[in-house]
file query-v6.pdb (PDB, C-alpha atoms)
ATOM      1  CA  MET A 777      93.095 134.272  88.769
ATOM      2  CA  LYS A 778      93.711 130.579  88.617
ATOM      3  CA  LEU A 779      96.708 128.990  90.312
ATOM      4  CA  LEU A 780      97.932 127.941  86.859
ATOM      5  CA  THR A 781      98.402 131.644  86.170
ATOM      6  CA  HIS A 782     100.105 132.180  89.526
ATOM      7  CA  ASN A 783     102.537 129.433  88.475
ATOM      8  CA  MET A 784     103.751 131.476  85.483
ATOM      9  CA  LEU A 785     103.927 135.002  86.951
ATOM     10  CA  THR A 786     107.026 136.737  88.296
ATOM     11  CA  SER A 787     107.931 140.241  89.418
ATOM     12  CA  LYS A 788     111.397 140.065  87.832
ATOM     13  CA  CYS A 789     110.479 143.045  85.659
ATOM     14  CA  ILE A 790     110.953 145.297  88.714
ATOM     15  CA  ARG A 791     114.368 146.992  88.624
ATOM     16  CA  GLY A 792     116.683 145.316  91.151
ATOM     17  CA  VAL A 793     114.600 142.133  91.454
ATOM     18  CA  ASN A 794     116.446 139.015  90.293
ATOM     19  CA  VAL A 795     113.966 136.162  90.266
ATOM     20  CA  GLY A 796     110.708 137.508  91.721
ATOM     21  CA  TYR A 797     109.313 133.991  91.938
ATOM     22  CA  PRO A 798     107.109 132.643  93.311
ATOM     23  CA  LEU A 799     104.880 135.562  94.220
ATOM     24  CA  SER A 800     103.286 135.337  97.672
ATOM     25  CA  ILE A 801      99.504 135.324  97.790
ATOM     26  CA  ASN A 802      97.168 137.219 100.106
ATOM     27  CA  ALA A 803      93.614 136.341  99.149
ATOM     28  CA  SER A 804      90.457 137.922 100.522
ATOM     29  CA  ASP A 805      87.995 136.234  98.151
ATOM     30  CA  VAL A 806      88.599 132.733  96.804
ATOM     31  CA  ARG A 807      86.038 130.849  94.774
ATOM     32  CA  VAL A 808      85.936 127.313  93.468
ATOM     33  CA  ALA A 809      84.669 127.077  89.900
ATOM     34  CA  ASP A 810      83.474 124.006  88.048
ATOM     35  CA  VAL A 811      85.707 123.468  85.005
ATOM     36  CA  ASP A 812      85.380 120.586  82.493
ATOM     37  CA  PHE A 813      88.024 117.965  83.202
ATOM     38  CA  ASN A 814      90.269 116.907  80.321
ATOM     39  CA  PRO A 815      92.816 114.308  81.530
ATOM     40  CA  ASP A 816      94.898 114.526  78.348
ATOM     41  CA  PHE A 817      95.254 118.304  78.660
ATOM     42  CA  ILE A 818      96.180 118.170  82.369
ATOM     43  CA  SER A 819      98.670 115.413  81.690
ATOM     44  CA  ARG A 820     100.371 117.550  79.018
ATOM     45  CA  MET A 821     100.436 120.574  81.357
ATOM     46  CA  ILE A 822     102.082 118.817  84.330
ATOM     47  CA  PRO A 823     105.658 118.990  82.937
ATOM     48  CA  LYS A 824     105.275 122.778  82.542
ATOM     49  CA  ILE A 825     104.138 123.306  86.136
ATOM     50  CA  ASP A 826     106.407 124.128  89.049
ATOM     51  CA  TRP A 827     104.721 121.627  91.336
ATOM     52  CA  PRO A 828     106.030 122.818  94.751
ATOM     53  CA  VAL A 829     104.892 126.358  93.852
ATOM     54  CA  LEU A 830     101.417 125.059  92.992
ATOM     55  CA  TYR A 831     101.283 122.948  96.160
ATOM     56  CA  ASN A 832     102.285 125.864  98.397
ATOM     57  CA  ALA A 833      99.803 128.195  96.687
ATOM     58  CA  VAL A 834      96.878 125.801  97.082
ATOM     59  CA  GLU A 835      97.891 125.095 100.677
ATOM     60  CA  ARG A 836      98.057 128.840 101.392
ATOM     61  CA  LEU A 837      94.477 129.175 100.135
ATOM     62  CA  GLY A 838      93.304 126.302 102.331
ATOM     63  CA  HIS A 839      92.303 124.091  99.405
ATOM     64  CA  VAL A 840      95.104 121.524  99.501
ATOM     65  CA  GLU A 841      92.707 118.678 100.383
ATOM     66  CA  ASP A 842      94.672 115.540  99.442
ATOM     67  CA  LEU A 843      96.819 116.944  96.657
ATOM     68  CA  PRO A 844     100.156 115.053  96.748
ATOM     69  CA  LYS A 845     103.302 117.040  97.590
ATOM     70  CA  GLU A 846     105.046 115.568  94.575
ATOM     71  CA  THR A 847     103.826 114.430  91.177
ATOM     72  CA  PRO A 848     103.526 110.620  91.184
ATOM     73  CA  VAL A 849     105.348 108.435  88.677
ATOM     74  CA  ASN A 850     103.241 107.454  85.669
ATOM     75  CA  TYR A 851     100.859 110.298  86.442
ATOM     76  CA  GLU A 852      99.591 110.203  82.840
ATOM     77  CA  SER A 853      97.490 107.141  83.646
ATOM     78  CA  ASN A 854      96.582 108.196  87.193
ATOM     79  CA  GLU A 855      93.163 109.748  86.707
ATOM     80  CA  ASP A 856      92.659 110.342  90.422
ATOM     81  CA  PHE A 857      95.837 112.432  90.547
ATOM     82  CA  LEU A 858      94.998 114.267  87.299
ATOM     83  CA  LYS A 859      91.608 115.242  88.745
ATOM     84  CA  LYS A 860      93.279 116.694  91.832
ATOM     85  CA  ALA A 861      95.790 118.562  89.671
ATOM     86  CA  HIS A 862      92.923 119.858  87.504
ATOM     87  CA  HIS A 863      91.153 121.141  90.600
ATOM     88  CA  ALA A 864      94.248 122.920  91.940
ATOM     89  CA  LEU A 865      95.291 124.407  88.597
ATOM     90  CA  LEU A 866      91.965 125.442  87.107
ATOM     91  CA  GLU A 867      89.155 125.422  89.663
ATOM     92  CA  VAL A 868      90.533 127.336  92.647
ATOM     93  CA  GLU A 869      90.357 131.028  91.708
ATOM     94  CA  ILE A 870      91.414 134.170  93.528
ATOM     95  CA  ILE A 871      88.812 136.885  92.884
ATOM     96  CA  HIS A 872      90.197 139.553  95.204
ATOM     97  CA  GLY A 873      93.519 139.808  96.985
ATOM     98  CA  GLU A 874      97.104 140.604  96.151
ATOM     99  CA  LEU A 875     100.329 139.074  94.903
ATOM    100  CA  VAL A 876     103.524 140.125  96.660
ATOM    101  CA  CYS A 877     107.039 140.260  95.192
ATOM    102  CA  PRO A 878     109.207 137.948  97.359
ATOM    103  CA  GLU A 879     112.228 140.259  97.060
ATOM    104  CA  SER A 880     110.945 143.840  97.116
ATOM    105  CA  GLY A 881     107.602 143.406  98.885
ATOM    106  CA  ARG A 882     105.874 145.284  96.018
ATOM    107  CA  LYS A 883     102.184 144.403  96.046
ATOM    108  CA  PHE A 884     100.124 143.662  92.956
ATOM    109  CA  PRO A 885      96.366 143.920  93.557
ATOM    110  CA  ILE A 886      93.957 141.296  92.209
ATOM    111  CA  ASN A 887      90.462 142.628  91.489
ATOM    112  CA  ASN A 888      87.637 140.764  89.749
ATOM    113  CA  GLY A 889      90.056 137.896  89.172
ATOM    114  CA  ILE A 890      92.515 140.111  87.270
ATOM    115  CA  PRO A 891      95.987 140.737  88.728
ATOM    116  CA  ASN A 892      97.436 144.152  87.961
ATOM    117  CA  MET A 893     101.140 143.571  87.271
ATOM    118  CA  LEU A 894     101.675 146.939  85.599
ATOM    119  CA  LEU A 895     104.625 148.874  86.991
ATOM    120  CA  ASN A 896     105.278 152.591  87.171
ATOM    121  CA  GLU A 897     108.032 153.876  84.901
ATOM    122  CA  ASP A 898     110.317 154.568  87.878
ATOM    123  CA  GLU A 899     110.112 150.888  88.959
ATOM    124  CA  ILE A 900     111.412 149.422  85.689
TER     125      ILE A 900
ATOM    126  CA  MET B 266      87.716 123.666  56.946
ATOM    127  CA  THR B 267      86.988 124.520  60.573
ATOM    128  CA  SER B 268      85.048 127.764  60.635
ATOM    129  CA  LEU B 269      85.805 130.442  63.169
ATOM    130  CA  GLN B 270      82.745 132.312  64.399
ATOM    131  CA  THR B 271      82.947 135.922  65.526
ATOM    132  CA  PRO B 272      82.261 135.694  69.270
ATOM    133  CA  LEU B 273      79.532 137.676  70.985
ATOM    134  CA  TYR B 274      80.769 140.826  72.663
ATOM    135  CA  ASN B 275      79.395 143.942  74.317
ATOM    136  CA  LEU B 276      81.668 146.895  74.948
ATOM    137  CA  SER B 277      78.961 149.298  76.133
ATOM    138  CA  GLU B 278      80.458 149.375  79.631
ATOM    139  CA  PHE B 279      84.007 149.686  78.312
ATOM    140  CA  PRO B 280      84.303 152.918  76.314
ATOM    141  CA  LEU B 281      88.105 152.870  76.474
ATOM    142  CA  VAL B 282      88.447 149.524  74.697
ATOM    143  CA  TYR B 283      89.230 149.183  70.974
ATOM    144  CA  GLU B 284      86.081 148.192  69.121
ATOM    145  CA  PRO B 285      86.660 145.215  66.766
ATOM    146  CA  ALA B 286      87.192 146.586  63.257
ATOM    147  CA  GLU B 287      88.484 145.478  59.819
ATOM    148  CA  ASP B 288      91.871 144.546  61.274
ATOM    149  CA  THR B 289      90.216 142.309  63.867
ATOM    150  CA  HIS B 290      88.121 140.601  61.187
ATOM    151  CA  LEU B 291      91.156 140.066  58.967
ATOM    152  CA  PHE B 292      92.843 138.426  61.959
ATOM    153  CA  LEU B 293      89.868 136.104  62.504
ATOM    154  CA  ASP B 294      89.818 135.207  58.787
ATOM    155  CA  ALA B 295      93.557 134.500  58.807
ATOM    156  CA  LEU B 296      93.276 132.235  61.868
ATOM    157  CA  GLU B 297      90.414 130.405  60.185
ATOM    158  CA  LYS B 298      92.467 129.990  56.997
ATOM    159  CA  ASP B 299      95.395 128.562  58.975
ATOM    160  CA  MET B 300      93.271 126.446  61.320
ATOM    161  CA  ASP B 301      94.349 123.066  59.921
ATOM    162  CA  ASN B 302      97.969 123.963  60.695
ATOM    163  CA  LEU B 303      96.994 125.182  64.140
ATOM    164  CA  LEU B 304      95.107 121.979  64.904
ATOM    165  CA  GLN B 305      98.065 119.951  63.715
ATOM    166  CA  ILE B 306     100.468 121.366  66.316
ATOM    167  CA  LYS B 307      98.056 120.268  69.086
ATOM    168  CA  PRO B 308      98.558 123.347  71.272
ATOM    169  CA  VAL B 309      97.959 123.312  75.023
ATOM    170  CA  THR B 310      98.820 126.945  75.782
ATOM    171  CA  ILE B 311      97.411 129.892  73.817
ATOM    172  CA  CYS B 312      98.241 133.515  74.557
ATOM    173  CA  GLU B 313      97.006 136.828  73.209
ATOM    174  CA  ILE B 314      98.991 140.008  73.792
ATOM    175  CA  GLY B 315      96.962 143.207  73.916
ATOM    176  CA  CYS B 316      93.653 141.373  74.001
ATOM    177  CA  GLY B 317      91.386 144.465  73.849
ATOM    178  CA  SER B 318      87.804 143.239  73.468
ATOM    179  CA  GLY B 319      89.068 139.657  73.749
ATOM    180  CA  ILE B 320      87.294 138.415  70.638
ATOM    181  CA  LEU B 321      90.366 136.853  68.999
ATOM    182  CA  ILE B 322      91.340 134.631  71.909
ATOM    183  CA  THR B 323      87.689 133.849  72.631
ATOM    184  CA  ALA B 324      87.278 132.708  69.016
ATOM    185  CA  LEU B 325      90.230 130.335  69.462
ATOM    186  CA  ALA B 326      88.793 129.119  72.771
ATOM    187  CA  SER B 327      85.557 128.241  70.978
ATOM    188  CA  ILE B 328      87.552 125.912  68.693
ATOM    189  CA  PHE B 329      90.077 124.397  71.103
ATOM    190  CA  LYS B 330      87.740 124.317  74.133
ATOM    191  CA  ASN B 331      89.189 122.380  77.075
ATOM    192  CA  THR B 332      92.171 120.964  75.165
ATOM    193  CA  CYS B 333      94.021 124.225  75.866
ATOM    194  CA  CYS B 334      94.409 126.959  78.446
ATOM    195  CA  TYR B 335      94.001 130.579  77.436
ATOM    196  CA  PHE B 336      96.023 133.462  78.782
ATOM    197  CA  CYS B 337      96.086 137.093  77.746
ATOM    198  CA  THR B 338      97.523 140.434  78.723
ATOM    199  CA  ASP B 339      96.663 144.078  78.159
ATOM    200  CA  ILE B 340      97.957 147.260  79.775
ATOM    201  CA  ASN B 341      94.456 148.743  79.716
ATOM    202  CA  PRO B 342      92.436 147.642  82.790
ATOM    203  CA  GLN B 343      89.153 148.089  80.897
ATOM    204  CA  ALA B 344      90.428 145.745  78.163
ATOM    205  CA  CYS B 345      91.147 143.075  80.788
ATOM    206  CA  LEU B 346      87.594 143.411  82.137
ATOM    207  CA  ALA B 347      86.129 143.483  78.619
ATOM    208  CA  THR B 348      87.994 140.290  77.702
ATOM    209  CA  LYS B 349      86.726 138.534  80.827
ATOM    210  CA  ASN B 350      83.231 139.695  79.872
ATOM    211  CA  THR B 351      83.569 138.490  76.268
ATOM    212  CA  ALA B 352      84.830 135.131  77.525
ATOM    213  CA  LEU B 353      81.840 134.846  79.857
ATOM    214  CA  LEU B 354      79.352 135.728  77.079
ATOM    215  CA  ASN B 355      80.779 132.872  75.003
ATOM    216  CA  LYS B 356      81.220 130.402  77.885
ATOM    217  CA  ALA B 357      84.991 130.428  77.474
ATOM    218  CA  ASP B 358      87.481 130.258  80.341
ATOM    219  CA  ILE B 359      90.209 132.848  79.776
ATOM    220  CA  GLU B 360      92.823 134.161  82.181
ATOM    221  CA  CYS B 361      93.711 137.815  81.871
ATOM    222  CA  VAL B 362      96.516 139.734  83.573
ATOM    223  CA  GLN B 363      97.124 143.462  83.310
ATOM    224  CA  MET B 364     100.758 143.865  82.253
ATOM    225  CA  ASP B 365     103.016 145.220  79.536
ATOM    226  CA  LEU B 366     103.346 142.554  76.792
ATOM    227  CA  THR B 367     104.639 139.440  78.626
ATOM    228  CA  SER B 368     107.019 141.239  80.994
ATOM    229  CA  CYS B 369     105.839 139.403  84.141
ATOM    230  CA  LEU B 370     106.003 135.844  82.825
ATOM    231  CA  LYS B 371     108.622 133.536  84.269
ATOM    232  CA  ALA B 372     111.593 132.921  82.021
ATOM    233  CA  GLN B 373     110.910 129.248  81.293
ATOM    234  CA  TRP B 374     107.275 129.626  80.334
ATOM    235  CA  ARG B 375     106.421 128.942  76.666
ATOM    236  CA  PHE B 376     103.208 129.260  74.664
ATOM    237  CA  ASP B 377     102.265 127.088  71.698
ATOM    238  CA  VAL B 378     100.198 129.799  70.011
ATOM    239  CA  ILE B 379     100.681 133.550  70.424
ATOM    240  CA  ILE B 380      98.531 136.161  68.699
ATOM    241  CA  PHE B 381      99.150 139.896  68.649
ATOM    242  CA  ASN B 382      97.178 142.630  66.915
ATOM    243  CA  PRO B 383      99.557 145.415  67.924
ATOM    244  CA  PRO B 384      99.250 149.185  67.958
ATOM    245  CA  TYR B 385     100.451 149.556  64.351
ATOM    246  CA  VAL B 386      99.646 153.142  63.340
ATOM    247  CA  VAL B 387     102.613 155.405  62.561
ATOM    248  CA  THR B 388     102.502 158.177  65.197
ATOM    249  CA  GLU B 389     104.765 160.505  67.120
ATOM    250  CA  GLU B 390     106.725 158.673  69.833
ATOM    251  CA  ASN B 391     105.102 160.708  72.587
ATOM    252  CA  GLU B 392     101.686 159.251  71.740
ATOM    253  CA  ILE B 393     102.834 155.922  73.188
ATOM    254  CA  LYS B 394     102.052 156.655  76.800
ATOM    255  CA  GLY B 395      99.428 155.905  79.433
ATOM    256  CA  ASN B 396      97.099 152.909  79.403
ATOM    257  CA  GLY B 397      94.153 154.344  77.492
ATOM    258  CA  LEU B 398      92.610 153.826  74.068
ATOM    259  CA  ASN B 399      95.517 155.589  72.295
ATOM    260  CA  ARG B 400      97.684 152.621  73.308
ATOM    261  CA  ALA B 401      95.500 150.379  71.133
ATOM    262  CA  PHE B 402      96.742 152.045  67.942
ATOM    263  CA  ALA B 403      99.743 154.349  68.555
ATOM    264  CA  GLY B 404     102.840 152.587  67.219
ATOM    265  CA  GLY B 405     105.384 155.420  67.085
ATOM    266  CA  LYS B 406     108.123 155.383  64.432
ATOM    267  CA  LYS B 407     107.153 153.141  61.463
ATOM    268  CA  GLY B 408     104.236 152.051  63.697
ATOM    269  CA  ARG B 409     106.610 149.386  64.992
ATOM    270  CA  ILE B 410     107.867 150.431  68.424
ATOM    271  CA  ILE B 411     105.659 147.979  70.330
ATOM    272  CA  THR B 412     105.753 145.225  67.677
ATOM    273  CA  ASP B 413     109.569 145.272  67.562
ATOM    274  CA  LYS B 414     109.765 145.112  71.362
ATOM    275  CA  PHE B 415     107.409 142.145  71.346
ATOM    276  CA  LEU B 416     109.181 140.299  68.513
ATOM    277  CA  LYS B 417     112.504 140.694  70.304
ATOM    278  CA  SER B 418     111.069 138.666  73.217
ATOM    279  CA  LEU B 419     109.384 136.053  71.007
ATOM    280  CA  VAL B 420     112.257 133.561  71.013
ATOM    281  CA  ASN B 421     111.854 133.247  74.799
ATOM    282  CA  ILE B 422     108.074 132.896  74.968
ATOM    283  CA  LEU B 423     107.224 130.702  71.964
ATOM    284  CA  SER B 424     107.564 126.925  72.245
ATOM    285  CA  ASP B 425     109.791 125.157  69.712
ATOM    286  CA  ASN B 426     106.849 123.962  67.620
ATOM    287  CA  GLY B 427     104.776 127.029  68.370
ATOM    288  CA  VAL B 428     103.337 129.614  66.001
ATOM    289  CA  CYS B 429     102.879 133.333  66.385
ATOM    290  CA  TYR B 430     100.529 135.529  64.348
ATOM    291  CA  VAL B 431     101.035 139.292  64.140
ATOM    292  CA  LEU B 432      99.168 141.966  62.180
ATOM    293  CA  PHE B 433     101.136 144.493  60.121
ATOM    294  CA  LEU B 434     100.312 147.568  58.116
ATOM    295  CA  LYS B 435     102.093 148.299  54.830
ATOM    296  CA  ASP B 436     103.673 151.364  56.522
ATOM    297  CA  ASN B 437     105.322 149.020  59.072
ATOM    298  CA  ILE B 438     107.725 147.823  56.328
ATOM    299  CA  LEU B 439     107.231 144.107  56.891
ATOM    300  CA  VAL B 440     110.274 143.132  54.781
ATOM    301  CA  GLU B 441     112.508 144.765  57.392
ATOM    302  CA  VAL B 442     110.829 142.767  60.154
ATOM    303  CA  GLU B 443     111.097 139.510  58.192
ATOM    304  CA  LYS B 444     114.819 140.073  57.690
ATOM    305  CA  ILE B 445     115.405 140.669  61.423
ATOM    306  CA  MET B 446     113.282 137.658  62.375
ATOM    307  CA  GLN B 447     115.167 135.483  59.873
ATOM    308  CA  GLN B 448     118.419 136.462  61.625
ATOM    309  CA  ASN B 449     116.805 135.625  64.980
ATOM    310  CA  GLY B 450     116.016 132.085  63.817
ATOM    311  CA  PHE B 451     112.424 132.460  62.649
ATOM    312  CA  CYS B 452     110.583 131.646  59.421
ATOM    313  CA  SER B 453     107.865 134.048  58.415
ATOM    314  CA  THR B 454     104.885 133.674  56.098
ATOM    315  CA  VAL B 455     102.244 136.196  55.125
ATOM    316  CA  ILE B 456      99.086 134.128  55.403
ATOM    317  CA  MET B 457      96.577 136.805  54.430
ATOM    318  CA  GLU B 458      96.480 140.406  53.277
ATOM    319  CA  ARG B 459      93.654 142.848  52.656
ATOM    320  CA  LYS B 460      93.284 146.381  51.351
ATOM    321  CA  ILE B 461      90.702 148.457  53.122
ATOM    322  CA  PRO B 462      90.147 152.195  52.632
ATOM    323  CA  GLY B 463      93.333 153.900  53.782
ATOM    324  CA  GLU B 464      95.099 150.744  55.002
ATOM    325  CA  HIS B 465      96.833 147.700  53.524
ATOM    326  CA  LEU B 466      96.948 145.010  56.212
ATOM    327  CA  TYR B 467      98.857 141.743  56.495
ATOM    328  CA  ILE B 468      98.763 138.823  58.901
ATOM    329  CA  CYS B 469     102.212 137.324  59.238
ATOM    330  CA  LYS B 470     102.964 134.001  60.878
ATOM    331  CA  PHE B 471     106.293 133.314  62.597
ATOM    332  CA  ASN B 472     107.701 129.978  63.670
ATOM    333  CA  LYS B 473     111.099 128.817  64.839
ATOM    334  CA  LYS B 474     113.411 127.304  62.221
ATOM    335  CA  HIS B 475     114.292 123.661  62.858
TER     336      HIS B 475
END
call {"tool": "encode", "arguments": {"input": "query-v6.pdb", "output": "structure tokens"}}
result
Amino acid sequence: MKLLTHNMLTSKCIRGVNVGYPLSINASDVRVADVDFNPDFISRMIPKIDWPVLYNAVERLGHVEDLPKETPVNYESNEDFLKKAHHALLEVEIIHGELVCPESGRKFPINNGIPNMLLNEDEI
Amino acid sequence: MTSLQTPLYNLSEFPLVYEPAEDTHLFLDALEKDMDNLLQIKPVTICEIGCGSGILITALASIFKNTCCYFCTDINPQACLATKNTALLNKADIECVQMDLTSCLKAQWRFDVIIFNPPYVVTEENEIKGNGLNRAFAGGKKGRIITDKFLKSLVNILSDNGVCYVLFLKDNILVEVEKIMQQNGFCSTVIMERKIPGEHLYICKFNKKH
């Protein structure tokens, strides 16, 4: 699971959970993949991303390197920044671990890079 | 016209995953037919619901490559693994999460392209249970229980300029769906239909009215 995916997932579908965002991460296997960089694509994705959530996730995994805490102004033309964003969003992957609902503590296992967000009927 | 190749796939390790069939191929043909429109909206986020073997989203990934990100969901854990495997075989990079439709996506998230080949067969309601192969086809009353649930959420997951493609069977009574979607602020267009033995299939495209 890429951190881009983490940025869009919530556990709000659990009965009694209001926001369920962001999910906490416990990772036991993290890998860094090599993904083709496309500055135009990353630039168009930035407005959709909850940046502090991405920053905290990448920091939690120990891959923050020199990713800025905030998106810089005129980031569209800042290739150095876009490369760092690309790395954080698409290259850092959680292979095994779990996501945890911030409100209920419900754990969602991640195996082979696939989070299991399926709930039991009595949780919905 | 941009041609859409059928991706490589191998389901030998995934016996509980729906094998691509006529409906899948109709879907690929419809996406190919509508490709100029798809290219025109310049999507960055593409999502498949109920990805099964993963060949539909992988086919799109082979066209849009690294101009987009690809996300899909399935309730069947084997389907999620099969999709990852299909992506790998075709050198595509696809994210897959096991969940029901898009129930665990944050409220503000929107996709530019959404594709859904739903469980469309008319069955008894009680056949819609579990996470196994039956969930790939069992659609309950009118074969529309899952499709209707999905379409109800569409307004919140499709971007303003986005497009959504859904497969229907004649028994699903598409005119009823089109009427409901019209009331919900969507335009609908049947972009392809095909009669195969025992089934009359349609691919319908939905987009938000402006």
call {"tool": "atom_distance", "arguments": {"input": "query-v6.pdb", "atom1": "CA of Leu837 in chain A", "atom2": "CA of Thr351 in chain B"}}
result
27.8 Å
call {"tool": "atom_distance", "arguments": {"input": "query-v6.pdb", "atom1": "CA of Arg836 in chain A", "atom2": "CA of Val868 in chain A"}}
result
11.6 Å
call {"tool": "residues_around", "arguments": {"input": "query-v6.pdb", "residues": "Pro828 in chain A", "least_positions_apart": "3", "cutoff": "8 Å", "atoms": "only C-alpha atoms", "output": "list in words"}}
result
Tyr831, Asn832, Lys845 and Glu846 of chain A
call {"tool": "residues_around", "arguments": {"input": "query-v6.pdb", "residues": "Ala861 in chain A", "least_positions_apart": "2", "cutoff": "10 Å", "atoms": "all atoms listed in the file", "output": "list in words"}}
result
Pro815, Ile818, Ser819, Met821, Ile822, Trp827, Leu830, Tyr831, Leu843, Pro844, Thr847, Glu855, Asp856, Phe857, Leu858, Lys859, His863, Ala864, Leu865, Leu866 and Glu867 of chain A
call {"tool": "interface_residues", "arguments": {"input": "query-v6.pdb", "of": "chain A", "to": "chain B", "cutoff": "9 Å", "atoms": "only C-alpha atoms", "output": "number ranges by chain"}}
result
A: 777-778, 781, 783-789, 795-797, 811-814, 816-818, 820-821, 824, 888-895
call {"tool": "resolve_selection", "arguments": {"input": "query-v6.pdb", "expression": "the PyMOL selection byres ((chain B and resi 403-412) around 6)", "output": "PyMOL selection string"}}
result
chain B and resi 384-390+393+399-400+402+413-415+437
call {"tool": "residues_around", "arguments": {"input": "query-v6.pdb", "residues": "Leu276 in chain B", "least_positions_apart": "4", "cutoff": "10 Å", "atoms": "only C-alpha atoms", "output": "ChimeraX atom specification"}}
result
/B:280-285,318,343-344,346-348,350-351
call {"tool": "residues_around", "arguments": {"input": "query-v6.pdb", "residues": "Phe381 in chain B", "least_positions_apart": "5", "cutoff": "6 Å", "atoms": "only C-alpha atoms", "output": "mmCIF file with C-alpha atoms, in the coordinates of the input"}}
result
data_model
loop_
_atom_site.group_PDB
_atom_site.id
_atom_site.type_symbol
_atom_site.label_atom_id
_atom_site.label_comp_id
_atom_site.auth_asym_id
_atom_site.auth_seq_id
_atom_site.Cartn_x
_atom_site.Cartn_y
_atom_site.Cartn_z
ATOM 1 C CA GLU B 313 97.006 136.828 73.209
ATOM 2 C CA ILE B 314 98.991 140.008 73.792
ATOM 3 C CA VAL B 431 101.035 139.292 64.140
#
call {"tool": "resolve_selection", "arguments": {"input": "query-v6.pdb", "expression": "the PyMOL selection byres ((chain B and resi 273) around 10)", "output": "PyMOL selection string"}}
result
chain B and resi 270-272+274-275+320+323-324+350-355
call {"tool": "write_last_selection", "arguments": {"input": "query-v6.pdb", "atoms": "C-alpha atoms", "output": "mmCIF file, keeping the file's coordinate frame"}}
result
data_model
loop_
_atom_site.group_PDB
_atom_site.id
_atom_site.type_symbol
_atom_site.label_atom_id
_atom_site.label_comp_id
_atom_site.auth_asym_id
_atom_site.auth_seq_id
_atom_site.Cartn_x
_atom_site.Cartn_y
_atom_site.Cartn_z
ATOM 1 C CA GLN B 270 82.745 132.312 64.399
ATOM 2 C CA THR B 271 82.947 135.922 65.526
ATOM 3 C CA PRO B 272 82.261 135.694 69.270
ATOM 4 C CA TYR B 274 80.769 140.826 72.663
ATOM 5 C CA ASN B 275 79.395 143.942 74.317
ATOM 6 C CA ILE B 320 87.294 138.415 70.638
ATOM 7 C CA THR B 323 87.689 133.849 72.631
ATOM 8 C CA ALA B 324 87.278 132.708 69.016
ATOM 9 C CA ASN B 350 83.231 139.695 79.872
ATOM 10 C CA THR B 351 83.569 138.490 76.268
ATOM 11 C CA ALA B 352 84.830 135.131 77.525
ATOM 12 C CA LEU B 353 81.840 134.846 79.857
ATOM 13 C CA LEU B 354 79.352 135.728 77.079
ATOM 14 C CA ASN B 355 80.779 132.872 75.003
#
call {"tool": "atom_distance", "arguments": {"input": "query-v6.pdb", "atom1": "CA of Tyr430 in chain B", "atom2": "CA of Leu296 in chain B"}}
result
8.3 Å
